[in-house]
file upload27.txt (compact mmCIF, C-alpha atoms and all ligand atoms)
# COMPACT_ATOMS: atom_id res chain seq x y z
CA MET S 115 76.07 61.89 83.59
CA GLU S 116 78.30 59.50 81.65
CA ALA S 117 79.07 57.43 84.70
CA GLY S 118 75.39 56.97 85.52
CA ASN S 119 74.58 55.75 82.04
CA ALA S 120 77.73 53.76 81.41
CA LYS S 121 77.20 50.04 81.16
CA ARG S 122 78.93 48.31 84.04
CA ASN S 123 81.60 45.83 83.12
CA LYS S 124 80.62 42.47 84.65
CA GLU S 125 83.43 40.30 83.38
CA LEU S 126 84.50 37.70 85.93
CA GLN S 127 88.25 37.58 86.38
CA ILE S 128 90.05 34.90 88.33
CA ARG S 129 93.74 35.72 88.53
CA HIS S 130 96.44 33.50 90.02
CA VAL S 131 94.07 32.10 92.62
CA TYR S 132 95.40 29.71 95.23
CA LYS S 133 93.38 28.19 98.05
CA SER S 134 94.57 26.09 100.95
CA PHE S 135 92.83 24.89 104.08
CA ARG S 136 94.36 24.08 107.46
CA VAL S 137 93.33 20.52 108.27
CA ASP S 138 94.69 18.93 111.48
CA ALA S 139 97.61 21.38 111.53
CA GLU S 140 98.44 20.40 107.94
CA ASN S 141 98.12 22.58 104.89
CA LEU S 142 95.72 21.14 102.31
CA GLU S 143 96.40 22.76 98.95
CA VAL S 144 93.12 22.69 97.01
CA LEU S 145 93.55 25.23 94.19
CA ARG S 146 96.82 26.17 92.52
CA ASP S 147 97.26 29.18 90.24
CA VAL S 148 93.78 29.18 88.70
CA ASN S 149 93.36 31.75 85.94
CA LEU S 150 90.13 32.28 84.05
CA GLU S 151 88.21 35.15 82.51
CA ILE S 152 84.53 34.75 81.80
CA GLY S 153 82.84 37.34 79.64
CA GLU S 154 79.42 38.83 80.21
CA GLY S 155 76.69 36.48 79.09
CA GLU S 156 79.09 33.60 78.53
CA PHE S 157 78.15 30.01 79.45
CA VAL S 158 81.14 28.16 80.89
CA SER S 159 81.25 24.68 82.44
CA ILE S 160 83.87 23.16 84.71
CA VAL S 161 84.51 19.42 84.71
CA GLY S 162 86.98 17.63 86.92
CA PHE S 163 87.53 14.75 89.32
CA SER S 164 85.70 14.67 92.63
CA GLY S 165 87.65 16.62 95.25
CA CYS S 166 89.68 18.71 92.78
CA GLY S 167 88.34 21.98 94.18
CA LYS S 168 85.41 22.91 91.92
CA SER S 169 82.95 23.77 94.70
CA THR S 170 85.73 25.54 96.56
CA LEU S 171 86.29 27.75 93.51
CA LEU S 172 82.58 28.61 93.36
CA ARG S 173 82.59 29.51 97.06
CA LEU S 174 85.50 31.88 96.41
CA ILE S 175 83.67 33.48 93.45
CA MET S 176 80.58 33.81 95.62
CA GLY S 177 82.67 35.56 98.30
CA LEU S 178 81.82 32.93 100.93
CA ASP S 179 85.50 32.10 101.55
CA PRO S 180 88.61 34.23 101.08
CA VAL S 181 91.28 33.33 98.52
CA THR S 182 94.66 32.34 99.99
CA GLU S 183 96.46 34.15 97.18
CA GLY S 184 95.43 35.87 93.98
CA GLN S 185 92.38 37.88 93.09
CA ILE S 186 88.81 37.41 91.94
CA SER S 187 86.98 40.40 90.54
CA ILE S 188 83.77 41.25 88.76
CA GLY S 189 84.41 44.19 86.50
CA GLU S 190 86.36 46.71 88.55
CA ASN S 191 85.37 45.26 91.92
CA GLU S 192 87.31 42.68 93.84
CA VAL S 193 85.10 39.99 95.38
CA LYS S 194 85.45 40.12 99.17
CA LYS S 195 82.05 39.07 100.42
CA PRO S 196 78.76 37.77 99.01
CA SER S 197 76.89 40.31 96.92
CA ARG S 198 73.77 40.60 94.83
CA GLU S 199 75.88 40.29 91.69
CA VAL S 200 76.49 36.57 92.14
CA GLY S 201 73.79 33.92 92.67
CA MET S 202 74.21 30.23 93.41
CA VAL S 203 72.20 27.10 92.68
CA PHE S 204 73.26 24.06 94.71
CA GLN S 205 73.08 20.35 94.00
CA GLU S 206 70.02 20.05 96.24
CA ALA S 207 67.46 22.82 95.97
CA ARG S 208 67.88 23.80 99.66
CA LEU S 209 64.32 25.09 99.97
CA PHE S 210 62.70 25.88 103.30
CA PRO S 211 60.38 22.89 103.82
CA TRP S 212 57.95 24.91 105.95
CA SER S 213 57.40 27.63 103.33
CA SER S 214 55.35 27.52 100.14
CA ILE S 215 57.13 27.50 96.77
CA ALA S 216 56.11 31.14 96.22
CA LYS S 217 57.56 32.16 99.61
CA ASN S 218 60.75 30.22 98.91
CA VAL S 219 61.24 32.01 95.60
CA GLU S 220 60.29 35.41 97.02
CA PHE S 221 62.99 34.93 99.64
CA GLY S 222 65.58 35.46 96.89
CA ILE S 223 64.48 39.03 96.13
CA SER S 224 67.38 41.29 96.96
CA ASP S 225 65.53 44.60 96.75
CA LYS S 226 63.82 44.58 100.13
CA SER S 227 62.23 48.01 99.49
CA LEU S 228 59.71 46.57 97.02
CA SER S 229 56.06 46.58 98.05
CA LYS S 230 54.24 43.37 98.87
CA GLN S 231 52.40 43.58 95.55
CA GLU S 232 55.62 44.14 93.56
CA LYS S 233 57.25 41.15 95.24
CA LYS S 234 54.24 39.00 94.45
CA GLU S 235 54.29 40.08 90.81
CA MET S 236 58.02 39.39 90.51
CA THR S 237 57.62 35.96 92.12
CA ARG S 238 54.86 35.15 89.64
CA LYS S 239 57.12 36.12 86.73
CA TYR S 240 59.99 33.91 87.87
CA LEU S 241 57.76 30.96 88.70
CA GLU S 242 56.45 31.25 85.16
CA LEU S 243 59.99 31.40 83.78
CA VAL S 244 60.81 28.04 85.37
CA LYS S 245 57.37 26.69 84.49
CA LEU S 246 56.14 26.34 88.06
CA ASN S 247 53.06 28.53 87.75
CA GLY S 248 50.19 26.80 89.44
CA PHE S 249 52.44 25.48 92.22
CA GLU S 250 52.71 28.74 94.18
CA ASP S 251 51.02 27.35 97.29
CA ALA S 252 52.56 23.88 97.21
CA PHE S 253 55.25 22.94 99.74
CA PRO S 254 58.65 21.61 98.60
CA ALA S 255 57.85 18.05 99.71
CA GLN S 256 54.88 18.06 97.33
CA LEU S 257 57.13 18.69 94.30
CA SER S 258 59.36 16.32 92.34
CA GLY S 259 63.15 16.71 92.52
CA GLY S 260 63.25 18.47 89.15
CA MET S 261 60.51 20.88 90.19
CA GLN S 262 62.33 21.65 93.44
CA GLN S 263 65.49 22.34 91.44
CA ARG S 264 63.54 24.71 89.20
CA ALA S 265 62.29 26.53 92.31
CA GLY S 266 65.93 26.81 93.46
CA ILE S 267 66.87 28.29 90.09
CA ALA S 268 63.97 30.78 90.28
CA ARG S 269 65.07 31.80 93.79
CA ALA S 270 68.59 32.48 92.52
CA LEU S 271 67.40 34.33 89.39
CA ILE S 272 64.89 36.56 91.19
CA GLY S 273 67.79 38.21 93.02
CA ASN S 274 68.86 39.43 89.56
CA PRO S 275 72.50 38.34 89.78
CA ASP S 276 74.83 39.16 86.89
CA ILE S 277 76.55 35.83 87.34
CA LEU S 278 74.81 32.58 88.16
CA LEU S 279 76.92 29.78 89.65
CA LEU S 280 75.45 26.29 89.33
CA ASP S 281 77.11 23.56 91.40
CA GLU S 282 76.01 20.18 89.95
CA PRO S 283 72.40 21.39 89.96
CA PHE S 284 71.01 18.38 88.09
CA GLY S 285 73.12 15.70 89.75
CA ALA S 286 70.25 14.04 91.58
CA LEU S 287 67.88 13.89 88.62
CA ASP S 288 67.08 11.01 86.30
CA ALA S 289 68.51 11.15 82.76
CA PHE S 290 65.31 12.38 81.09
CA THR S 291 64.46 15.05 83.62
CA ARG S 292 68.08 16.13 83.40
CA ILE S 293 67.85 16.63 79.64
CA ASN S 294 64.65 18.65 80.11
CA MET S 295 66.39 20.79 82.72
CA GLN S 296 69.30 21.36 80.36
CA ASN S 297 66.90 22.66 77.71
CA GLU S 298 65.23 24.86 80.30
CA ILE S 299 68.45 26.34 81.60
CA LEU S 300 69.46 27.13 78.03
CA ASP S 301 66.13 28.85 77.51
CA ILE S 302 66.58 30.87 80.69
CA TRP S 303 70.14 31.75 79.73
CA ARG S 304 68.89 33.13 76.39
CA LYS S 305 66.02 35.07 77.94
CA GLU S 306 67.84 36.43 80.98
CA ASN S 307 71.22 37.05 79.41
CA LYS S 308 73.19 36.03 82.52
CA THR S 309 76.73 34.80 82.77
CA MET S 310 76.52 31.15 83.78
CA LEU S 311 79.24 29.05 85.38
CA LEU S 312 78.22 25.42 85.75
CA ILE S 313 79.96 22.57 87.51
CA THR S 314 78.99 19.20 86.15
CA HIS S 315 80.18 15.62 86.13
CA ASP S 316 78.21 15.03 82.96
CA ILE S 317 80.41 15.57 79.91
CA ASP S 318 77.47 15.61 77.49
CA GLU S 319 75.77 18.27 79.60
CA ALA S 320 78.89 20.44 79.44
CA ILE S 321 79.13 20.08 75.63
CA PHE S 322 75.42 20.62 75.11
CA LEU S 323 75.32 23.85 77.11
CA SER S 324 78.65 25.63 77.08
CA ASP S 325 80.55 28.18 75.06
CA ARG S 326 83.69 26.89 76.79
CA ILE S 327 84.50 23.87 78.91
CA VAL S 328 87.19 24.10 81.57
CA ILE S 329 88.96 20.87 82.47
CA MET S 330 90.48 20.83 85.93
CA SER S 331 93.28 18.58 87.06
CA GLU S 332 93.15 16.50 90.21
CA ARG S 333 93.81 18.28 93.51
CA PRO S 334 95.48 20.69 93.77
CA GLY S 335 93.07 21.85 91.08
CA THR S 336 94.63 23.72 88.20
CA ILE S 337 93.15 24.46 84.81
CA GLN S 338 94.37 21.75 82.51
CA GLU S 339 92.62 22.80 79.35
CA VAL S 340 89.87 25.07 78.05
CA ILE S 341 87.81 23.80 75.12
CA ARG S 342 85.66 26.08 72.97
CA VAL S 343 82.45 24.58 71.62
CA GLU S 344 81.70 26.36 68.36
CA SER S 345 78.57 24.66 67.06
CA ALA S 346 75.23 26.50 67.09
CA ARG S 347 72.56 25.67 69.66
CA PRO S 348 70.48 23.61 70.10
CA ARG S 349 73.24 21.06 69.69
CA ASP S 350 72.87 17.61 68.29
CA ARG S 351 74.26 15.17 70.85
CA GLY S 352 75.05 12.72 68.08
CA SER S 353 76.85 15.12 65.74
CA GLU S 354 80.41 14.54 64.68
CA GLU S 355 81.68 17.63 66.50
CA PHE S 356 79.85 16.67 69.69
CA LEU S 357 81.34 13.18 69.71
CA LYS S 358 84.79 14.51 68.86
CA ILE S 359 84.78 16.87 71.85
CA ARG S 360 83.39 14.10 74.05
CA LYS S 361 86.17 11.77 73.07
CA HIS S 362 88.76 14.49 73.62
CA ILE S 363 87.48 15.21 77.15
CA LEU S 364 87.36 11.52 78.03
CA LYS S 365 90.93 11.20 76.84
CA CYS S 366 91.94 14.00 79.21
CA PHE S 367 90.54 12.00 82.13
CA LEU S 368 91.21 8.44 81.06
CA GLY S 369 94.12 9.05 78.72
CA SER S 370 96.74 7.17 80.66
CA SER S 371 94.51 4.20 81.40
CA ASP S 372 94.04 1.27 79.08
CA ILE S 373 90.26 1.77 78.72
CA ASP S 374 89.17 1.54 75.10
CA LEU S 375 87.70 4.96 74.31
CA GLU S 376 85.82 3.67 71.28
CA TYR S 377 83.55 1.92 73.74
CA TYR S 378 82.43 5.22 75.23
CA ILE S 379 81.09 6.89 72.08
N1 LIG O 401 86.15 24.17 104.54
C1 LIG O 401 87.03 23.20 104.24
N2 LIG O 401 87.97 22.82 105.13
C2 LIG O 401 88.88 21.88 104.82
N3 LIG O 401 88.94 21.24 103.64
C3 LIG O 401 88.03 21.58 102.72
C4 LIG O 401 87.03 22.56 102.96
N4 LIG O 401 86.26 22.69 101.84
C5 LIG O 401 86.77 21.81 100.96
N5 LIG O 401 87.82 21.14 101.48
C6 LIG O 401 88.64 20.13 100.79
O1 LIG O 401 88.99 20.66 99.52
C7 LIG O 401 89.00 19.62 98.55
C8 LIG O 401 88.14 20.02 97.39
O2 LIG O 401 86.79 20.07 97.80
P1 LIG O 401 85.63 20.54 96.83
O3 LIG O 401 84.35 20.43 97.58
O4 LIG O 401 85.97 21.88 96.29
O5 LIG O 401 85.72 19.45 95.66
P2 LIG O 401 84.88 19.26 94.35
O6 LIG O 401 85.77 19.37 93.19
O7 LIG O 401 83.69 20.16 94.39
O8 LIG O 401 84.39 17.74 94.48
P3 LIG O 401 83.01 17.04 94.09
O9 LIG O 401 83.06 16.87 92.60
O10 LIG O 401 83.06 15.73 94.81
O11 LIG O 401 81.89 17.91 94.54
C9 LIG O 401 88.57 18.35 99.26
O12 LIG O 401 89.72 17.62 99.59
C10 LIG O 401 87.88 18.86 100.51
O13 LIG O 401 88.03 17.94 101.56
MG MG O 402 81.65 19.88 94.64
call {"tool": "encode", "arguments": {"input": "upload27.txt", "output": "structure tokens", "more": "lines below"}}
Ligand SMILES: Nc1ncnc2c1ncn2[C@@H]1O[C@H](COP(=O)(O)OP(=O)(O)OP(=O)(O)O)[C@@H](O)[C@H]1O
Ligand SMILES: [Mg+2]
result
Amino acid sequence: MEAGNAKRNKELQIRHVYKSFRVDAENLEVLRDVNLEIGEGEFVSIVGFSGCGKSTLLRLIMGLDPVTEGQISIGENEVKKPSREVGMVFQEARLFPWSSIAKNVEFGISDKSLSKQEKKEMTRKYLELVKLNGFEDAFPAQLSGGMQQRAGIARALIGNPDILLLDEPFGALDAFTRINMQNEILDIWRKENKTMLLITHDIDEAIFLSDRIVIMSERPGTIQEVIRVESARPRDRGSEEFLKIRKHILKCFLGSSDIDLEYYI
């Protein structure tokens, strides 16, 4: 009785994770002793140099690749293969060009036992959530990049994952659409109460969205620092705290160079 009603623990735990690849008979060490715990409903961003292993880490969390050493678990369960509990949004929306937006989103439903009508109703709900109602019958090529990304987010959310991984999802968008998408993802995060783990190259985006920001070192990627952002949302991008964190993160990346940081804020 208890067990059935007990709330499942969905904390994401990454413990002493190492990942290497064999490349041309050489060992390429990509991740070294990565440790991170992400609580249920937390919004965490990862920033780091290109090639430091961020996408690799997401693939491990997703269960697409095995860890070389260490352990990744969600609650009590070790991640060994992809599961319904973890969803992913990629840099490009990766929609099927030959299917309508509604069909693309419906594809993400994990409960295949639902009736046709139930699936349709669920698809409608998620299209509404990402503000794509009215575009059910359109094809991906008929949508803008931002709209396609929103369809990709709806497809990931409709599978009802506990944890949503977002790998540079807004990288290809213009600055204004990107800011709109940031507001929308925050809205979705509030409504859907998911754990979100976002990779971004945009420092402002990380500060605007996250409870914590993880700074990774260059390859082999290790966690260099974790910064907690305390201020209430929606955040003012020009506030003193915002600029202070921004400057701190820039210093982590550019610290040893002679670039004048004052220029960047
Ligand atoms: N399947 C693979 N086989 C061999 N090497 C790989 C594989 N996947 C990733 N790598 C290597 O691991 C390193 C990290 O790659 P990864 O894609 O995780 O970087 P990243 O931090 O996401 O970079 P970016 O910010 O440019 O997306 C790179 O040197 C890459 O070449
Ligand atoms: Mg990447």
call {"tool": "closest_atom_pairs", "arguments": {"input": "upload27.txt", "of": "chain S", "to": "ligand LIG 401 (chain O)", "cutoff": "9 Å", "atoms": "all atoms listed in the file", "output": "tab-separated table"}}
result
residue	atom	partner	partner_atom	distance
S:Lys133	CA	O:LIG401	O1	8.8
S:Ser134	CA	O:LIG401	N3	7.9
S:Phe135	CA	O:LIG401	C2	5.0
S:Arg136	CA	O:LIG401	C2	6.5
S:Val137	CA	O:LIG401	C2	5.8
S:Leu142	CA	O:LIG401	N3	6.9
S:Glu143	CA	O:LIG401	O1	7.7
S:Val144	CA	O:LIG401	O1	5.2
S:Leu145	CA	O:LIG401	C8	8.2
S:Val161	CA	O:LIG401	O9	8.4
S:Gly162	CA	O:LIG401	O6	6.6
S:Phe163	CA	O:LIG401	O9	5.9
S:Ser164	CA	O:LIG401	O9	3.4
S:Gly165	CA	O:LIG401	O5	3.4
S:Cys166	CA	O:LIG401	O6	4.0
S:Gly167	CA	O:LIG401	O4	3.2
S:Lys168	CA	O:LIG401	O6	3.8
S:Ser169	CA	O:LIG401	O7	3.7
S:Thr170	CA	O:LIG401	O4	3.7
S:Leu171	CA	O:LIG401	O4	6.5
S:Leu172	CA	O:LIG401	O4	8.1
S:Arg173	CA	O:LIG401	O4	8.4
S:Asp179	CA	O:LIG401	N1	8.5
S:Asp281	CA	O:LIG401	O7	8.0
S:Glu282	CA	O:LIG401	O11	7.8
S:Ile313	CA	O:LIG401	O7	8.2
S:Thr314	CA	O:LIG401	O9	8.0
S:His315	CA	O:LIG401	O9	7.2
S:Met330	CA	O:LIG401	O6	8.8
S:Glu332	CA	O:LIG401	O6	8.5
S:Arg333	CA	O:LIG401	C8	7.1
S:Pro334	CA	O:LIG401	C7	8.1
S:Gly335	CA	O:LIG401	O6	8.0
call {"tool": "write_last_selection", "arguments": {"input": "upload27.txt", "atoms": "C-alpha atoms", "output": "PDB file, keeping the file's coordinate frame"}}
result
ATOM      1  CA  LYS S 133      93.380  28.190  98.050  1.00  0.00           C
ATOM      2  CA  SER S 134      94.570  26.090 100.950  1.00  0.00           C
ATOM      3  CA  PHE S 135      92.830  24.890 104.080  1.00  0.00           C
ATOM      4  CA  ARG S 136      94.360  24.080 107.460  1.00  0.00           C
ATOM      5  CA  VAL S 137      93.330  20.520 108.270  1.00  0.00           C
ATOM      6  CA  LEU S 142      95.720  21.140 102.310  1.00  0.00           C
ATOM      7  CA  GLU S 143      96.400  22.760  98.950  1.00  0.00           C
ATOM      8  CA  VAL S 144      93.120  22.690  97.010  1.00  0.00           C
ATOM      9  CA  LEU S 145      93.550  25.230  94.190  1.00  0.00           C
ATOM     10  CA  VAL S 161      84.510  19.420  84.710  1.00  0.00           C
ATOM     11  CA  GLY S 162      86.980  17.630  86.920  1.00  0.00           C
ATOM     12  CA  PHE S 163      87.530  14.750  89.320  1.00  0.00           C
ATOM     13  CA  SER S 164      85.700  14.670  92.630  1.00  0.00           C
ATOM     14  CA  GLY S 165      87.650  16.620  95.250  1.00  0.00           C
ATOM     15  CA  CYS S 166      89.680  18.710  92.780  1.00  0.00           C
ATOM     16  CA  GLY S 167      88.340  21.980  94.180  1.00  0.00           C
ATOM     17  CA  LYS S 168      85.410  22.910  91.920  1.00  0.00           C
ATOM     18  CA  SER S 169      82.950  23.770  94.700  1.00  0.00           C
ATOM     19  CA  THR S 170      85.730  25.540  96.560  1.00  0.00           C
ATOM     20  CA  LEU S 171      86.290  27.750  93.510  1.00  0.00           C
ATOM     21  CA  LEU S 172      82.580  28.610  93.360  1.00  0.00           C
ATOM     22  CA  ARG S 173      82.590  29.510  97.060  1.00  0.00           C
ATOM     23  CA  ASP S 179      85.500  32.100 101.550  1.00  0.00           C
ATOM     24  CA  ASP S 281      77.110  23.560  91.400  1.00  0.00           C
ATOM     25  CA  GLU S 282      76.010  20.180  89.950  1.00  0.00           C
ATOM     26  CA  ILE S 313      79.960  22.570  87.510  1.00  0.00           C
ATOM     27  CA  THR S 314      78.990  19.200  86.150  1.00  0.00           C
ATOM     28  CA  HIS S 315      80.180  15.620  86.130  1.00  0.00           C
ATOM     29  CA  MET S 330      90.480  20.830  85.930  1.00  0.00           C
ATOM     30  CA  GLU S 332      93.150  16.500  90.210  1.00  0.00           C
ATOM     31  CA  ARG S 333      93.810  18.280  93.510  1.00  0.00           C
ATOM     32  CA  PRO S 334      95.480  20.690  93.770  1.00  0.00           C
ATOM     33  CA  GLY S 335      93.070  21.850  91.080  1.00  0.00           C
TER      34      GLY S 335
END
call {"tool": "atom_distance", "arguments": {"input": "upload27.txt", "atom1": "CA of Gly222 (chain S)", "atom2": "CA of Met202 (chain S)"}}
result
10.7 Å
call {"tool": "closest_residue", "arguments": {"input": "upload27.txt", "among": "S:Phe284, S:Phe253, S:Phe157, S:Phe290", "to": "Val203 (chain S)", "atoms": "only C-alpha atoms"}}
result
S:Phe284
call {"tool": "closest_residue", "arguments": {"input": "upload27.txt", "among": "S:Asp147, S:Glu206, S:Asp251, S:Glu156", "to": "Leu312 (chain S)", "atoms": "all atoms listed in the file"}}
result
S:Glu156
call {"tool": "atom_distance", "arguments": {"input": "upload27.txt", "atom1": "CA of Met295 (chain S)", "atom2": "CA of Ile128 (chain S)"}}
result
28.1 Å
call {"tool": "atom_distance", "arguments": {"input": "upload27.txt", "atom1": "CA of Gln127 (chain S)", "atom2": "CA of Ser159 (chain S)"}}
result
15.2 Å
call {"tool": "axis_aligned_box", "arguments": {"input": "upload27.txt", "around": "region 272-289 of chain S", "padding_each_side": "6 Å", "output": "JSON"}}
result
{"center_x": 71.0, "center_y": 25.2, "center_z": 87.9, "size_x": 24.2, "size_y": 40.4, "size_z": 22.3}
call {"tool": "residues_around", "arguments": {"input": "upload27.txt", "residues": "region 340-351 of chain S", "least_positions_apart": "6", "cutoff": "10 Å", "atoms": "only C-alpha atoms", "output": "count of residues only"}}
result
24
call {"tool": "decode", "arguments": {"input": "upload27.txt", "residues": "region 214-239 of chain S", "atoms": "C-alpha atoms", "output": "mmCIF file, in the first residue's frame"}}
result
data_model
loop_
_atom_site.group_PDB
_atom_site.id
_atom_site.type_symbol
_atom_site.label_atom_id
_atom_site.label_comp_id
_atom_site.auth_asym_id
_atom_site.auth_seq_id
_atom_site.Cartn_x
_atom_site.Cartn_y
_atom_site.Cartn_z
ATOM 1 C CA SER S 214 2.633 17.284 -39.733
ATOM 2 C CA ILE S 215 3.508 19.171 -36.539
ATOM 3 C CA ALA S 216 0.738 17.313 -34.687
ATOM 4 C CA LYS S 217 2.105 13.931 -35.842
ATOM 5 C CA ASN S 218 5.639 14.946 -34.887
ATOM 6 C CA VAL S 219 4.540 15.873 -31.376
ATOM 7 C CA GLU S 220 2.311 12.809 -31.007
ATOM 8 C CA PHE S 221 5.330 10.666 -31.832
ATOM 9 C CA GLY S 222 6.747 11.548 -28.395
ATOM 10 C CA ILE S 223 3.898 9.906 -26.470
ATOM 11 C CA SER S 224 5.390 7.071 -24.491
ATOM 12 C CA ASP S 225 2.139 5.405 -23.436
ATOM 13 C CA LYS S 226 1.340 3.521 -26.625
ATOM 14 C CA SER S 227 -1.829 2.010 -25.091
ATOM 15 C CA LEU S 228 -3.719 5.311 -25.312
ATOM 16 C CA SER S 229 -6.623 5.503 -27.746
ATOM 17 C CA LYS S 230 -6.415 7.591 -30.896
ATOM 18 C CA GLN S 231 -8.708 10.180 -29.315
ATOM 19 C CA GLU S 232 -6.633 10.362 -26.103
ATOM 20 C CA LYS S 233 -3.446 10.847 -28.116
ATOM 21 C CA LYS S 234 -5.080 13.611 -30.123
ATOM 22 C CA GLU S 235 -6.266 15.352 -26.968
ATOM 23 C CA MET S 236 -2.816 15.115 -25.367
ATOM 24 C CA THR S 237 -1.155 16.451 -28.518
ATOM 25 C CA ARG S 238 -3.559 19.391 -28.513
ATOM 26 C CA LYS S 239 -2.682 20.162 -24.885
#
